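For reference, query.txt (compact mmCIF, C-alpha atoms):
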# COMPACT_ATOMS: atom_id res chain seq x y z
CA MET A 1 3.36 -112.83 -7.81
CA PHE A 2 -0.24 -112.33 -8.97
CA LYS A 3 0.88 -110.03 -11.75
CA GLY A 4 3.36 -112.66 -12.91
CA VAL A 5 0.63 -115.31 -13.22
CA VAL A 6 -1.60 -112.94 -15.19
CA SER A 7 1.14 -111.99 -17.60
CA LYS A 8 2.08 -115.66 -18.02
CA LEU A 9 -1.55 -116.53 -18.76
CA ALA A 10 -1.80 -113.65 -21.20
CA SER A 11 1.25 -114.79 -23.08
CA VAL A 12 -0.11 -118.37 -23.31
CA LEU A 13 -3.42 -117.07 -24.63
CA GLN A 14 -1.59 -114.77 -27.02
CA ASN A 15 0.41 -117.70 -28.32
CA PHE A 16 -2.75 -119.75 -28.78
CA GLY A 17 -4.53 -116.92 -30.56
CA HIS A 18 -1.56 -116.36 -32.82
CA ARG A 19 -1.52 -120.03 -33.84
CA LEU A 20 -5.27 -120.06 -34.40
CA ILE A 21 -5.12 -116.99 -36.62
CA GLU A 22 -2.21 -118.53 -38.52
CA GLN A 23 -4.21 -121.72 -39.14
CA PHE A 24 -7.15 -119.70 -40.41
CA TRP A 25 -4.78 -117.74 -42.61
CA ARG A 26 -3.44 -120.97 -44.08
CA LEU A 27 -6.95 -122.33 -44.59
CA GLY A 28 -7.81 -119.14 -46.43
CA SER A 29 -4.78 -119.34 -48.70
CA ALA A 30 -5.48 -123.02 -49.34
CA SER A 31 -9.03 -122.27 -50.47
CA ARG A 32 -7.73 -119.39 -52.57
CA LEU A 33 -5.24 -121.75 -54.23
CA PHE A 34 -8.09 -124.24 -54.77
CA GLY A 35 -10.13 -121.52 -56.45
CA TYR A 36 -7.23 -120.43 -58.66
CA THR A 37 -6.54 -124.07 -59.57
CA LEU A 38 -10.12 -124.63 -60.66
CA ALA A 39 -10.13 -121.32 -62.53
CA SER A 40 -7.01 -122.17 -64.51
CA SER A 41 -7.91 -125.84 -65.07
CA GLY A 42 -9.37 -125.07 -68.48
CA GLU A 43 -6.03 -123.72 -69.57
CA SER A 44 -4.14 -126.83 -68.52
CA LEU A 45 -6.76 -129.31 -69.69
CA ARG A 46 -6.32 -127.87 -73.17
CA ARG A 47 -2.87 -129.47 -73.06
CA PRO A 48 -3.91 -132.95 -72.00
CA PHE A 49 -0.41 -134.37 -72.04
CA LEU A 50 0.43 -132.37 -68.91
CA VAL A 51 -2.41 -134.12 -67.06
CA ILE A 52 -1.60 -137.53 -68.56
CA ARG A 53 1.99 -137.22 -67.37
CA GLU A 54 0.74 -136.50 -63.85
CA ILE A 55 -1.68 -139.44 -63.95
CA TYR A 56 1.34 -141.53 -64.87
CA PHE A 57 3.33 -140.28 -61.88
CA THR A 58 0.55 -140.36 -59.29
CA GLY A 59 -1.56 -143.23 -60.61
CA VAL A 60 0.50 -145.72 -62.59
CA LEU A 61 3.55 -145.55 -60.36
CA SER A 62 1.38 -146.00 -57.23
CA LEU A 63 -0.15 -149.17 -58.66
CA ILE A 64 2.34 -151.59 -57.13
CA ILE A 65 2.01 -150.44 -53.53
CA ILE A 66 -1.78 -150.12 -53.86
CA LEU A 67 -2.27 -153.55 -55.43
CA VAL A 68 0.07 -155.39 -53.11
CA SER A 69 -1.43 -153.86 -49.97
CA ALA A 70 -4.95 -154.49 -51.31
CA PHE A 71 -4.13 -158.13 -51.84
CA PHE A 72 -2.79 -158.54 -48.33
CA VAL A 73 -5.60 -156.55 -46.73
CA GLY A 74 -8.13 -158.80 -48.48
CA MET A 75 -6.34 -161.95 -47.39
CA VAL A 76 -6.06 -160.82 -43.77
CA LEU A 77 -9.73 -159.79 -43.73
CA ALA A 78 -10.73 -163.24 -44.93
CA LEU A 79 -8.54 -165.00 -42.37
CA GLN A 80 -9.72 -162.87 -39.46
CA GLY A 81 -13.34 -162.92 -40.57
CA TYR A 82 -13.36 -166.69 -40.97
CA ASN A 83 -11.99 -167.13 -37.50
CA THR A 84 -14.95 -165.33 -35.96
CA LEU A 85 -17.68 -166.30 -38.41
CA GLN A 86 -17.11 -170.03 -38.15
CA LYS A 87 -17.89 -169.81 -34.43
CA TYR A 88 -21.42 -168.87 -35.45
CA GLY A 89 -21.55 -171.44 -38.21
CA SER A 90 -21.89 -168.88 -40.97
CA SER A 91 -18.52 -169.03 -42.64
CA GLU A 92 -20.17 -168.51 -46.06
CA ALA A 93 -20.90 -164.92 -45.03
CA ILE A 94 -17.17 -164.25 -45.30
CA GLY A 95 -17.68 -162.98 -48.86
CA VAL A 96 -20.13 -160.38 -47.60
CA LEU A 97 -17.77 -159.35 -44.83
CA VAL A 98 -14.78 -158.93 -47.13
CA ALA A 99 -16.70 -157.19 -49.91
CA LEU A 100 -18.66 -154.77 -47.74
CA SER A 101 -15.71 -153.72 -45.60
CA LEU A 102 -13.53 -153.20 -48.67
CA VAL A 103 -16.06 -151.45 -50.89
CA ARG A 104 -17.52 -149.22 -48.21
CA GLU A 105 -14.55 -148.29 -46.05
CA LEU A 106 -11.17 -149.89 -46.50
CA GLY A 107 -10.94 -149.41 -50.26
CA PRO A 108 -11.31 -145.62 -50.30
CA VAL A 109 -9.67 -144.93 -46.92
CA VAL A 110 -6.58 -147.12 -47.14
CA THR A 111 -6.04 -146.10 -50.76
CA ALA A 112 -6.22 -142.45 -49.75
CA LEU A 113 -3.75 -142.98 -46.89
CA LEU A 114 -1.32 -144.80 -49.17
CA PHE A 115 -1.90 -142.22 -51.88
CA ALA A 116 -1.03 -139.41 -49.47
CA GLY A 117 2.18 -141.21 -48.53
CA ARG A 118 3.18 -142.28 -52.01
CA ALA A 119 1.95 -139.50 -54.33
CA GLY A 120 1.12 -136.60 -52.01
CA THR A 121 4.61 -136.36 -50.56
CA ALA A 122 6.13 -136.46 -54.04
CA ILE A 123 3.91 -133.59 -55.17
CA THR A 124 4.76 -131.52 -52.08
CA ALA A 125 8.49 -132.12 -52.37
CA GLU A 126 8.52 -131.41 -56.09
CA ILE A 127 6.61 -128.15 -55.87
CA GLY A 128 8.46 -127.09 -52.72
CA LEU A 129 11.78 -127.66 -54.44
CA MET A 130 10.57 -125.86 -57.55
CA LYS A 131 9.78 -122.93 -55.31
CA ALA A 132 13.09 -123.16 -53.45
CA THR A 133 15.07 -123.16 -56.69
CA GLU A 134 12.94 -120.26 -57.95
CA GLN A 135 11.56 -122.16 -60.92
CA LEU A 136 8.08 -120.92 -60.12
CA SER A 137 9.24 -117.30 -60.04
CA ALA A 138 11.07 -117.90 -63.32
CA MET A 139 7.83 -119.08 -64.88
CA GLU A 140 6.05 -115.99 -63.66
CA MET A 141 8.82 -113.87 -65.15
CA MET A 142 8.14 -115.52 -68.51
CA ALA A 143 4.42 -114.76 -68.11
CA VAL A 144 3.65 -118.47 -67.65
CA SER A 145 1.18 -118.97 -64.83
CA PRO A 146 2.72 -121.57 -62.48
CA ILE A 147 -0.74 -122.51 -61.26
CA ALA A 148 -1.94 -123.40 -64.75
CA ARG A 149 1.34 -125.05 -65.75
CA VAL A 150 2.36 -126.84 -62.52
CA VAL A 151 -0.46 -126.94 -59.98
CA ALA A 152 -3.61 -127.62 -62.03
CA PRO A 153 -2.27 -130.63 -64.00
CA ARG A 154 -1.13 -132.26 -60.76
CA PHE A 155 -4.51 -131.57 -59.22
CA TRP A 156 -6.41 -133.25 -62.04
CA GLY A 157 -3.90 -136.07 -62.23
CA GLY A 158 -4.53 -136.87 -58.56
CA VAL A 159 -8.29 -136.42 -58.76
CA ILE A 160 -8.54 -138.78 -61.74
CA SER A 161 -6.13 -141.38 -60.35
CA MET A 162 -7.61 -141.69 -56.90
CA PRO A 163 -11.04 -143.24 -57.72
CA LEU A 164 -9.42 -145.63 -60.20
CA LEU A 165 -6.88 -146.72 -57.60
CA ALA A 166 -9.62 -147.17 -54.99
CA SER A 167 -11.71 -149.33 -57.34
CA LEU A 168 -8.66 -151.45 -58.10
CA PHE A 169 -7.93 -151.71 -54.38
CA SER A 170 -11.42 -153.02 -53.63
CA MET A 171 -11.41 -155.47 -56.53
CA VAL A 172 -7.94 -156.86 -55.81
CA GLY A 173 -8.74 -157.04 -52.09
CA ILE A 174 -11.84 -159.10 -52.81
CA LEU A 175 -9.79 -161.39 -55.05
CA GLY A 176 -7.27 -161.79 -52.21
CA GLY A 177 -10.10 -162.60 -49.83
CA TYR A 178 -11.50 -165.10 -52.33
CA LEU A 179 -8.11 -166.77 -52.65
CA VAL A 180 -7.84 -167.29 -48.89
CA ALA A 181 -11.47 -168.19 -48.28
CA VAL A 182 -12.20 -170.56 -51.13
CA PRO A 183 -9.09 -172.52 -52.19
CA LEU A 184 -7.19 -172.19 -48.93
CA ILE A 185 -9.83 -172.54 -46.19
CA GLY A 186 -12.39 -174.37 -48.28
CA VAL A 187 -15.48 -172.16 -48.05
CA ASP A 188 -17.93 -172.95 -50.85
CA GLY A 189 -17.13 -170.72 -53.84
CA GLY A 190 -20.73 -170.39 -55.04
CA ALA A 191 -21.93 -169.29 -51.61
CA PHE A 192 -19.03 -166.85 -51.36
CA TRP A 193 -20.05 -164.95 -54.50
CA SER A 194 -23.82 -165.35 -54.27
CA GLN A 195 -24.07 -164.11 -50.69
CA MET A 196 -21.82 -161.22 -51.64
CA GLN A 197 -24.00 -160.31 -54.60
CA ALA A 198 -27.13 -160.58 -52.49
CA SER A 199 -25.95 -158.08 -49.90
CA VAL A 200 -23.73 -155.61 -51.77
CA ASP A 201 -25.88 -152.97 -53.39
CA PHE A 202 -24.52 -151.12 -56.39
CA ARG A 203 -25.87 -147.70 -55.52
CA GLU A 204 -25.68 -147.90 -51.72
CA ASP A 205 -22.27 -149.52 -51.41
CA VAL A 206 -20.23 -149.40 -54.62
CA MET A 207 -21.29 -145.92 -55.69
CA ASN A 208 -20.92 -144.45 -52.20
CA GLY A 209 -17.42 -145.87 -51.98
CA PHE A 210 -16.67 -144.32 -55.35
CA ILE A 211 -17.93 -140.91 -54.19
CA LYS A 212 -15.79 -141.20 -51.08
CA SER A 213 -12.69 -141.94 -53.13
CA CYS A 214 -13.36 -138.91 -55.38
CA VAL A 215 -13.64 -136.63 -52.33
CA PHE A 216 -10.47 -138.09 -50.81
CA GLY A 217 -8.71 -137.55 -54.13
CA VAL A 218 -9.58 -133.85 -54.10
CA ALA A 219 -8.63 -133.47 -50.42
CA CYS A 220 -5.30 -135.35 -50.56
CA THR A 221 -4.11 -133.73 -53.79
CA MET A 222 -5.14 -130.26 -52.72
CA ILE A 223 -3.40 -130.58 -49.34
CA ALA A 224 -0.23 -131.84 -51.03
CA LEU A 225 -0.30 -129.02 -53.58
CA PHE A 226 -0.94 -126.35 -50.98
CA GLU A 227 1.78 -127.57 -48.61
CA GLY A 228 4.26 -127.56 -51.49
CA TYR A 229 3.18 -124.18 -52.76
CA ASP A 230 3.23 -122.70 -49.27
CA ALA A 231 6.52 -124.27 -48.14
CA PRO A 232 9.31 -121.93 -47.01
CA PRO A 233 11.93 -122.08 -49.79
CA THR A 234 14.56 -123.86 -47.70
CA ALA A 235 15.59 -127.48 -47.28
CA GLU A 236 14.09 -127.52 -43.80
CA GLY A 237 10.90 -125.86 -45.00
CA VAL A 238 10.37 -128.45 -47.75
CA SER A 239 10.99 -131.34 -45.39
CA ARG A 240 8.52 -129.94 -42.86
CA ALA A 241 5.95 -129.36 -45.58
CA THR A 242 6.28 -132.98 -46.71
CA THR A 243 5.66 -134.20 -43.17
CA ARG A 244 2.66 -131.90 -42.83
CA THR A 245 1.23 -133.28 -46.08
CA VAL A 246 1.13 -136.81 -44.71
CA VAL A 247 -0.25 -135.78 -41.32
CA ASN A 248 -2.87 -133.37 -42.63
CA SER A 249 -3.99 -135.62 -45.50
CA SER A 250 -4.42 -138.59 -43.18
CA LEU A 251 -6.38 -136.56 -40.65
CA ALA A 252 -8.51 -134.99 -43.38
CA VAL A 253 -9.26 -138.40 -44.91
CA LEU A 254 -10.31 -139.92 -41.59
CA GLY A 255 -12.39 -136.89 -40.62
CA LEU A 256 -14.09 -136.62 -44.00
CA ASP A 257 -14.72 -140.36 -43.95
CA PHE A 258 -16.61 -140.10 -40.69
CA VAL A 259 -18.69 -137.17 -41.92
CA MET A 260 -19.55 -138.83 -45.25
CA THR A 261 -20.29 -142.18 -43.65
CA SER A 262 -22.68 -140.59 -41.18
CA PHE A 263 -24.58 -139.07 -44.11
CA MET A 264 -24.53 -142.25 -46.21
CA ILE A 265 -25.52 -144.69 -43.47
CA SER A 266 -28.77 -142.93 -42.61
CA MET G 1 10.36 -141.78 -70.74
CA ASP G 2 8.84 -140.72 -74.03
CA ARG G 3 5.36 -139.58 -74.60
CA THR G 4 3.88 -142.62 -76.35
CA LYS G 5 5.00 -144.92 -73.55
CA ILE G 6 3.42 -142.69 -70.90
CA ASP G 7 0.24 -142.53 -72.96
CA LEU G 8 0.20 -146.30 -73.20
CA TRP G 9 0.69 -146.85 -69.47
CA VAL G 10 -1.93 -144.28 -68.54
CA GLY G 11 -4.31 -145.91 -71.02
CA ILE G 12 -3.72 -149.32 -69.45
CA PHE G 13 -4.15 -147.85 -65.96
CA ALA G 14 -7.43 -146.13 -66.84
CA ALA G 15 -8.72 -149.26 -68.58
CA ILE G 16 -8.04 -151.60 -65.66
CA GLY G 17 -9.36 -148.98 -63.24
CA VAL G 18 -12.66 -148.78 -65.09
CA ALA G 19 -12.67 -152.57 -65.47
CA ALA G 20 -12.29 -152.90 -61.69
CA LEU G 21 -15.23 -150.57 -61.14
CA LEU G 22 -17.31 -152.55 -63.62
CA GLY G 23 -16.19 -155.75 -61.91
CA LEU G 24 -17.34 -154.35 -58.57
CA ALA G 25 -20.68 -153.48 -60.13
CA MET G 26 -21.22 -156.79 -61.92
CA LYS G 27 -19.45 -159.46 -59.92
CA VAL G 28 -19.61 -158.03 -56.39
CA GLY G 29 -22.69 -155.82 -56.47
CA ASN G 30 -26.16 -156.76 -57.59
CA LEU G 31 -26.34 -154.71 -60.78
CA THR G 32 -26.68 -157.81 -62.94
CA THR G 33 -29.12 -159.65 -60.73
CA SER G 34 -31.37 -156.64 -60.28
CA ASN G 35 -31.87 -156.15 -64.01
CA ILE G 36 -33.68 -159.30 -64.98
CA GLY G 37 -34.64 -158.27 -68.48
CA GLU G 38 -38.27 -157.65 -69.26
CA THR G 39 -40.66 -157.86 -66.37
CA TYR G 40 -44.35 -157.76 -65.61
CA THR G 41 -45.86 -156.30 -62.48
CA VAL G 42 -48.06 -158.15 -60.04
CA THR G 43 -49.36 -156.94 -56.69
CA ALA G 44 -50.16 -158.84 -53.53
CA GLY G 45 -51.72 -157.80 -50.24
CA PHE G 46 -50.32 -158.95 -46.92
CA GLN G 47 -51.53 -158.43 -43.36
CA ASN G 48 -47.97 -158.37 -42.11
CA ILE G 49 -44.83 -158.28 -44.20
CA GLY G 50 -42.34 -158.66 -41.34
CA GLY G 51 -38.90 -157.55 -42.47
CA LEU G 52 -39.56 -157.60 -46.21
CA LYS G 53 -37.82 -154.80 -48.09
CA PRO G 54 -37.92 -153.39 -51.62
CA ARG G 55 -35.43 -155.24 -53.87
CA SER G 56 -35.84 -158.45 -51.85
CA PRO G 57 -35.96 -161.50 -54.12
CA VAL G 58 -39.08 -163.32 -55.27
CA LYS G 59 -38.43 -167.05 -55.54
CA SER G 60 -40.30 -169.99 -56.85
CA ALA G 61 -38.97 -173.47 -56.10
CA GLY G 62 -35.90 -171.67 -54.76
CA VAL G 63 -35.11 -169.94 -58.06
CA VAL G 64 -35.13 -166.13 -58.17
CA VAL G 65 -37.89 -165.19 -60.59
CA GLY G 66 -38.26 -161.51 -59.74
CA ARG G 67 -37.74 -158.73 -57.25
CA ILE G 68 -39.94 -156.65 -54.99
CA ASP G 69 -40.40 -153.26 -56.57
CA ALA G 70 -42.29 -151.33 -53.91
CA ILE G 71 -44.08 -151.77 -50.61
CA GLN G 72 -46.93 -149.43 -49.66
CA PHE G 73 -49.54 -149.26 -46.98
CA ASP G 74 -53.05 -149.44 -48.37
CA SER G 75 -55.23 -147.32 -46.09
CA ALA G 76 -58.46 -148.69 -47.61
CA THR G 77 -57.84 -152.30 -46.62
CA TYR G 78 -55.20 -151.71 -43.92
CA GLU G 79 -52.94 -154.12 -45.72
CA ALA G 80 -49.41 -153.87 -47.05
CA LYS G 81 -49.54 -153.65 -50.83
CA VAL G 82 -46.42 -155.28 -52.25
CA THR G 83 -45.59 -154.74 -55.91
CA LEU G 84 -43.60 -157.58 -57.47
CA LYS G 85 -41.68 -157.41 -60.72
CA LEU G 86 -41.52 -160.88 -62.26
CA ASP G 87 -39.42 -162.01 -65.18
CA LYS G 88 -41.44 -162.23 -68.43
CA ARG G 89 -40.02 -165.68 -69.07
CA TYR G 90 -41.83 -167.16 -66.07
CA LEU G 91 -45.62 -167.35 -66.08
CA PHE G 92 -47.65 -168.30 -63.04
CA PRO G 93 -51.28 -169.52 -62.76
CA LYS G 94 -53.90 -167.11 -61.48
CA ASP G 95 -54.31 -168.98 -58.19
CA THR G 96 -50.63 -168.80 -57.26
CA PHE G 97 -49.90 -168.62 -53.56
CA ALA G 98 -47.54 -165.88 -52.31
CA ASN G 99 -45.85 -166.62 -48.98
CA ILE G 100 -43.29 -164.65 -47.05
CA TYR G 101 -40.43 -166.90 -46.00
CA THR G 102 -37.18 -166.36 -44.16
CA ALA G 103 -33.94 -167.69 -45.60
CA GLY G 104 -32.52 -169.74 -42.76
CA LEU G 105 -33.22 -168.90 -39.15
CA LEU G 106 -31.94 -165.32 -39.22
CA GLY G 107 -31.60 -164.67 -42.94
CA GLU G 108 -33.28 -162.14 -45.16
CA GLN G 109 -36.97 -162.43 -45.97
CA TYR G 110 -38.27 -163.16 -49.45
CA ILE G 111 -41.52 -163.98 -51.19
CA GLY G 112 -41.99 -167.56 -52.29
CA LEU G 113 -44.49 -168.23 -55.08
CA GLU G 114 -46.27 -171.59 -55.10
CA PRO G 115 -48.10 -172.18 -58.37
CA GLY G 116 -51.70 -173.36 -58.25
CA GLY G 117 -53.58 -175.28 -60.90
CA ASP G 118 -55.46 -172.57 -62.79
CA GLU G 119 -55.53 -172.69 -66.58
CA GLU G 120 -55.10 -168.93 -66.91
CA TYR G 121 -51.89 -167.10 -66.18
CA LEU G 122 -51.26 -163.95 -64.17
CA GLN G 123 -51.21 -160.89 -66.41
CA ASP G 124 -49.53 -157.51 -65.99
CA ASN G 125 -51.06 -155.53 -63.05
CA ASP G 126 -52.95 -158.55 -61.72
CA LYS G 127 -53.34 -159.17 -58.01
CA ILE G 128 -52.33 -162.36 -56.26
CA MET G 129 -55.33 -163.25 -54.09
CA GLN G 130 -53.90 -165.94 -51.83
CA THR G 131 -51.16 -164.77 -49.55
CA GLN G 132 -49.59 -165.86 -46.33
CA ASP G 133 -48.04 -163.39 -43.94
CA ALA G 134 -44.58 -163.35 -42.48
CA VAL G 135 -44.10 -165.44 -39.40
CA VAL G 136 -43.69 -163.16 -36.42
CA LEU G 137 -41.55 -164.92 -33.88
CA GLU G 138 -43.06 -163.14 -30.88
CA LYS G 139 -46.57 -164.16 -31.94
CA MET G 140 -45.51 -167.75 -32.37
CA ILE G 141 -43.85 -167.84 -28.97
CA SER G 142 -46.86 -166.29 -27.26
CA GLN G 143 -49.18 -168.77 -29.01
CA PHE G 144 -46.96 -171.62 -27.91
CA LEU G 145 -46.87 -170.37 -24.34
CA TYR G 146 -50.64 -169.89 -24.36
CA SER G 147 -51.28 -173.42 -25.60
CA LYS G 148 -48.84 -174.81 -23.05
CA ALA G 149 -50.63 -172.91 -20.32
CA THR G 150 -54.02 -174.30 -21.31
CA GLU G 151 -52.55 -177.82 -21.54
CA THR G 152 -51.31 -177.81 -17.98
CA LYS G 153 -54.68 -176.67 -16.63
CA GLU G 154 -56.50 -179.65 -18.00
As structure tokens - that is how I would like this structure written.
Amino acid sequence: MFKGVVSKLASVLQNFGHRLIEQFWRLGSASRLFGYTLASSGESLRRPFLVIREIYFTGVLSLIIILVSAFFVGMVLALQGYNTLQKYGSSEAIGVLVALSLVRELGPVVTALLFAGRAGTAITAEIGLMKATEQLSAMEMMAVSPIARVVAPRFWGGVISMPLLASLFSMVGILGGYLVAVPLIGVDGGAFWSQMQASVDFREDVMNGFIKSCVFGVACTMIALFEGYDAPPTAEGVSRATTRTVVNSSLAVLGLDFVMTSFMIS
Amino acid sequence: MDRTKIDLWVGIFAAIGVAALLGLAMKVGNLTTSNIGETYTVTAGFQNIGGLKPRSPVKSAGVVVGRIDAIQFDSATYEAKVTLKLDKRYLFPKDTFANIYTAGLLGEQYIGLEPGGDEEYLQDNDKIMQTQDAVVLEKMISQFLYSKATETKE
């Protein structure tokens, strides 16, 4: 009886340890892939069309979902904010509320979450399938480095697209908020913009949001690339890797956001 | 999709992305309002600055004429030394009054300049001699309570 409990406990611990070591192993290979990607970036940046094509796929094709959700997020923020602010008789501060929440938090974070769903999954599935159909091995056979030819351009495409998308998100969201607050609800337009300009600081708010979006761009793209590159070369493996991309990117974005915010707020 | 079309779309994307960032800087942030062209520096001493902060506006007749550049503690006079950057276009007499006001009941604090009648104007690195401190709500309440208390005794 007692022996049974001990052996059961040992097997649970063994299982846990095995998983932990596996996670560390994956973290190690991810950072190794990151290092290789950076090392072979020069090679792929010398052929800029490869990167431009990836900016097209990750950036331009994500525009619609990003812009539409930004517009609606801005409008909802204005509606909800007005509801509460008018109780305190300061409905003109709605511009500040919309702008600060978009520029500081919602712009970078929601863009990164959408980016992980829209572009990250595509990257993972594409690279996973390339691996499953042995295209990557074929490249290696032809002495073409798959990291320089496939991974690095996608990395830079994502890293360049992400801050641009986040800036667009914030701007379009503020326009959506303006549309609801000023013509629809009837808040004074001058007060809307002037209060916003008085309280949004370029360095403290706009630049910090920009830095956040750059970091999220690196994190989301790298996770997507690694999951694709690491996926077992089967249909099931690729589908699991795609799911993991979304889950891990979202968790990484939220975690990194908290860490960066705690540094920026002080 | 051929190469020129992709180039075009990426170009458009990058252009509107950068335009959005510039729009955030200019229209939403205070990059335009903080750079008010050429400025001259004036200092003022206050006993108490309340919640005044660097980059707070300096207004005269309600118009923003400058910004607060720095706030230091002067250990010689035990006063707060506030450095103001005023727009070169606006000149003020030497006996201008500098008051610390609050925008609204709970708004941000700013410095209001009330021009005097002097013939000469404030120059670069001059000091504004007449100042009025920020109103500290607690002090006002305690004064009010004190005066009420003395009233009832009489």
| task | Compile the contact shell of region 137-150 of chain A as an NGL selection string: residues with an atom at most 12 Å away, counting all atoms listed in the file, same-chain residues fewer than 4 positions apart removed. | result | :A and (32-51 or 53-54 or 123-124 or 126-128 or 130-133 or 154-157 or 225-226 or 228-229 or 233)
Any chance you could export the current selection's C-alpha atoms as a short mmCIF file (atom, residue, chain, number, x, y, z; two decimals), in the frame of the given file?
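As written to disk, out25.cif reads:
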data_model
loop_
_atom_site.label_atom_id
_atom_site.label_comp_id
_atom_site.auth_asym_id
_atom_site.auth_seq_id
_atom_site.Cartn_x
_atom_site.Cartn_y
_atom_site.Cartn_z
CA ARG A 32 -7.73 -119.39 -52.57
CA LEU A 33 -5.24 -121.75 -54.23
CA PHE A 34 -8.09 -124.24 -54.77
CA GLY A 35 -10.13 -121.52 -56.45
CA TYR A 36 -7.23 -120.43 -58.66
CA THR A 37 -6.54 -124.07 -59.57
CA LEU A 38 -10.12 -124.63 -60.66
CA ALA A 39 -10.13 -121.32 -62.53
CA SER A 40 -7.01 -122.17 -64.51
CA SER A 41 -7.91 -125.84 -65.07
CA GLY A 42 -9.37 -125.07 -68.48
CA GLU A 43 -6.03 -123.72 -69.57
CA SER A 44 -4.14 -126.83 -68.52
CA LEU A 45 -6.76 -129.31 -69.69
CA ARG A 46 -6.32 -127.87 -73.17
CA ARG A 47 -2.87 -129.47 -73.06
CA PRO A 48 -3.91 -132.95 -72.00
CA PHE A 49 -0.41 -134.37 -72.04
CA LEU A 50 0.43 -132.37 -68.91
CA VAL A 51 -2.41 -134.12 -67.06
CA ARG A 53 1.99 -137.22 -67.37
CA GLU A 54 0.74 -136.50 -63.85
CA ILE A 123 3.91 -133.59 -55.17
CA THR A 124 4.76 -131.52 -52.08
CA GLU A 126 8.52 -131.41 -56.09
CA ILE A 127 6.61 -128.15 -55.87
CA GLY A 128 8.46 -127.09 -52.72
CA MET A 130 10.57 -125.86 -57.55
CA LYS A 131 9.78 -122.93 -55.31
CA ALA A 132 13.09 -123.16 -53.45
CA THR A 133 15.07 -123.16 -56.69
CA ARG A 154 -1.13 -132.26 -60.76
CA PHE A 155 -4.51 -131.57 -59.22
CA TRP A 156 -6.41 -133.25 -62.04
CA GLY A 157 -3.90 -136.07 -62.23
CA LEU A 225 -0.30 -129.02 -53.58
CA PHE A 226 -0.94 -126.35 -50.98
CA GLY A 228 4.26 -127.56 -51.49
CA TYR A 229 3.18 -124.18 -52.76
CA PRO A 233 11.93 -122.08 -49.79
#
Do you have, as CSV, the list of residues of chain G lying at most 7 Å from chain A, each with its nearest atom pair and that distance in Å to one decimal, counting only C-alpha atoms and ordered by chain then number?
residue,atom,partner,partner_atom,distance
G:Ile6,CA,A:Tyr56,CA,6.5
G:Asp7,CA,A:Ile52,CA,6.9
G:Trp9,CA,A:Val60,CA,7.0
G:Val10,CA,A:Tyr56,CA,5.6
G:Phe13,CA,A:Val60,CA,6.1
G:Ala14,CA,A:Leu164,CA,6.9
G:Gly17,CA,A:Leu164,CA,4.5
G:Val18,CA,A:Leu164,CA,6.7
G:Ala20,CA,A:Leu168,CA,5.3
G:Leu21,CA,A:Ser167,CA,5.3
G:Leu24,CA,A:Met171,CA,6.4
G:Ala25,CA,A:Phe202,CA,5.9
G:Val28,CA,A:Gln197,CA,5.3
G:Gly29,CA,A:Val200,CA,4.8
G:Asn30,CA,A:Gln197,CA,5.1
G:Leu31,CA,A:Phe202,CA,6.0
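Distance annotation: of G:Ser147, G:Gln47, G:Thr4, G:Gln72, the residue with the minimal separation from Gln132 (chain G) is G:Gln47; atom set is only C-alpha atoms.
Rounded to one decimal, CA of Phe216 (chain A) and CA of Val253 (chain A) lie 6.0 Å from each other.
One finds CA of Leu86 (chain G) at 11.8 Å from CA of Arg55 (chain G).
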| task | Could you give me, as a list in words, the residues within 9 Å of Leu254 (chain A), counting only C-alpha atoms and dropping anything in the same chain fewer than 5 positions from it? | result | Val109, Leu113, Ser249 and Val259 of chain A
Just write the chosen residues, C-alpha atoms, as a CSV table (one decimal), keeping the file's coordinate frame.
chain,number,residue,atom,x,y,z
A,109,VAL,CA,-9.7,-144.9,-46.9
A,113,LEU,CA,-3.8,-143.0,-46.9
A,249,SER,CA,-4.0,-135.6,-45.5
A,259,VAL,CA,-18.7,-137.2,-41.9
| task | Could you please give me, as a ChimeraX atom specification, the residues of protein, DNA or RNA lying at most 9 Å from (-7.6, -147.6, -48.4) in the coordinate frame of the file, considering only C-alpha atoms? | result | /A:66,69-70,102,105-115,166,169-170,213
For those residues, write C-alpha atoms to a file as a compact mmCIF listing (two decimals), in the coordinates of the input.
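Output contents, as saved in again16.txt:
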# COMPACT_ATOMS: atom_id res chain seq x y z
CA ILE A 66 -1.78 -150.12 -53.86
CA SER A 69 -1.43 -153.86 -49.97
CA ALA A 70 -4.95 -154.49 -51.31
CA LEU A 102 -13.53 -153.20 -48.67
CA GLU A 105 -14.55 -148.29 -46.05
CA LEU A 106 -11.17 -149.89 -46.50
CA GLY A 107 -10.94 -149.41 -50.26
CA PRO A 108 -11.31 -145.62 -50.30
CA VAL A 109 -9.67 -144.93 -46.92
CA VAL A 110 -6.58 -147.12 -47.14
CA THR A 111 -6.04 -146.10 -50.76
CA ALA A 112 -6.22 -142.45 -49.75
CA LEU A 113 -3.75 -142.98 -46.89
CA LEU A 114 -1.32 -144.80 -49.17
CA PHE A 115 -1.90 -142.22 -51.88
CA ALA A 166 -9.62 -147.17 -54.99
CA PHE A 169 -7.93 -151.71 -54.38
CA SER A 170 -11.42 -153.02 -53.63
CA SER A 213 -12.69 -141.94 -53.13
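If all atoms listed in the file are the atoms counted, then among G:Met129, G:Ala15, G:Val63, G:Ile49 the closest residue to Tyr101 (chain G) is G:Ile49.
Atom pair CA of Glu134 (chain A) / CA of Pro153 (chain A): separated by 19.4 Å.
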| message | Would you pick out the contacts of Gln109 (chain G) at 7 Å or less, using all atoms listed in the file, so that residues sharing its chain but fewer than 3 positions from it are not included, and give the list as a ChimeraX atom specification? | response | /G:51-52,100-103
